[in-house]
Amino acid sequence: MSTDAIVLLKNDHKEIKKTFDAFEKAGENAHAEKGRLVEKMIELLTAHTYIENEVMYPRVRDLLPDLEDDVLESYEEHHVADVLCFELSSMSPDDERYEAKATVLIENVTHHIEEEEEEWFPKVREGLGRKKLQEIGERMLELKEKAPRKPSQPGALKKAIDALTA
Ligand SMILES: [Fe+2]
Ligand SMILES: [Fe+2]
């Protein structure tokens, strides 16, 4: 299995997008199924943004100062996703605002993933090279094992509270 940081993050993106597609295809009244899918996307997103925030973003910011603006914009996009995940995790799937909120989460994250994959990952690959990316990937894999999977878990909760009170 590749430990290249960009390959690992793109694999996560693929898995996240699968839950988005399934949500969009679920029937209008499939509240229980949509609830399960949202739970799954929150789990995947919580772990994914955690390893990006803790490892990938700070390393890129350090090593490639030219990409600072991209990194700062990405942190802000994570912040929006954190707020929405936190709110969704305490809502019931038959709440009037549930579907709308999940749709906004999906739209925001889809845009964010596109920007990562199309705009800044290619620059990161060029700037860091294979060896550095493997080293960063290994660190992310290590951290992923203990990454929070729910917005209410310690590492994630602090992030969510920061997001809500910033
Ligand atoms: Fe991200
Ligand atoms: Fe990402």
# chains A, B, ... in the order shown; residues from 1 in each chain; ligands from 1
>>> residues_near_ligand(ligand="ligand 2", cutoff="7 Å", atoms="only C-alpha atoms and all ligand atoms", output="number ranges by chain")
A: 9, 13, 48-49, 52, 113, 116
>>> residues_around(residues="A:Asn29", least_positions_apart="3", cutoff="12 Å", atoms="only C-alpha atoms", output="list of chain:residue names")
A:Phe23, A:Lys25, A:Ala26, A:Ala32, A:Glu33, A:Lys34, A:Gly35, A:Pro93, A:Asp94, A:Asp95, A:Glu96, A:Glu99
>>> atom_distance(atom1="atom CA of A:Ser74", atom2="atom CA of A:Tyr57")
8.5 Å
>>> residues_around(residues="stretch 133-139 of chain A", least_positions_apart="4", cutoff="6 Å", atoms="only C-alpha atoms", output="ChimeraX atom specification")
/A:3-5
>>> residues_near_ligand(ligand="ligand 1", cutoff="12 Å", atoms="only C-alpha atoms and all ligand atoms", output="number ranges by chain")
A: 6, 9-10, 12-13, 16, 44-57, 70-82, 108-117, 120-121
>>> atom_distance(atom1="atom CA of A:Pro65", atom2="atom CA of A:Met140")
20.7 Å
>>> atom_distance(atom1="atom CA of A:Glu24", atom2="atom CA of A:Leu141")
29.8 Å
>>> residues_around(residues="A:Lys150", least_positions_apart="5", cutoff="9 Å", atoms="only C-alpha atoms", output="PyMOL selection string")
chain A and resi 39+42-44+46-47+85-86+89+156-157
>>> select_by_dssp(residues="stretch 79-161 of chain A", states="helix (DSSP H, G or I)", output="VMD selection string")
chain A and resid 79 to 89 98 to 145 154 to 161
>>> closest_residue(among="A:Pro58, A:Arg36, A:Lys17, A:Val83", to="A:Ser152", atoms="only C-alpha atoms")
A:Val83
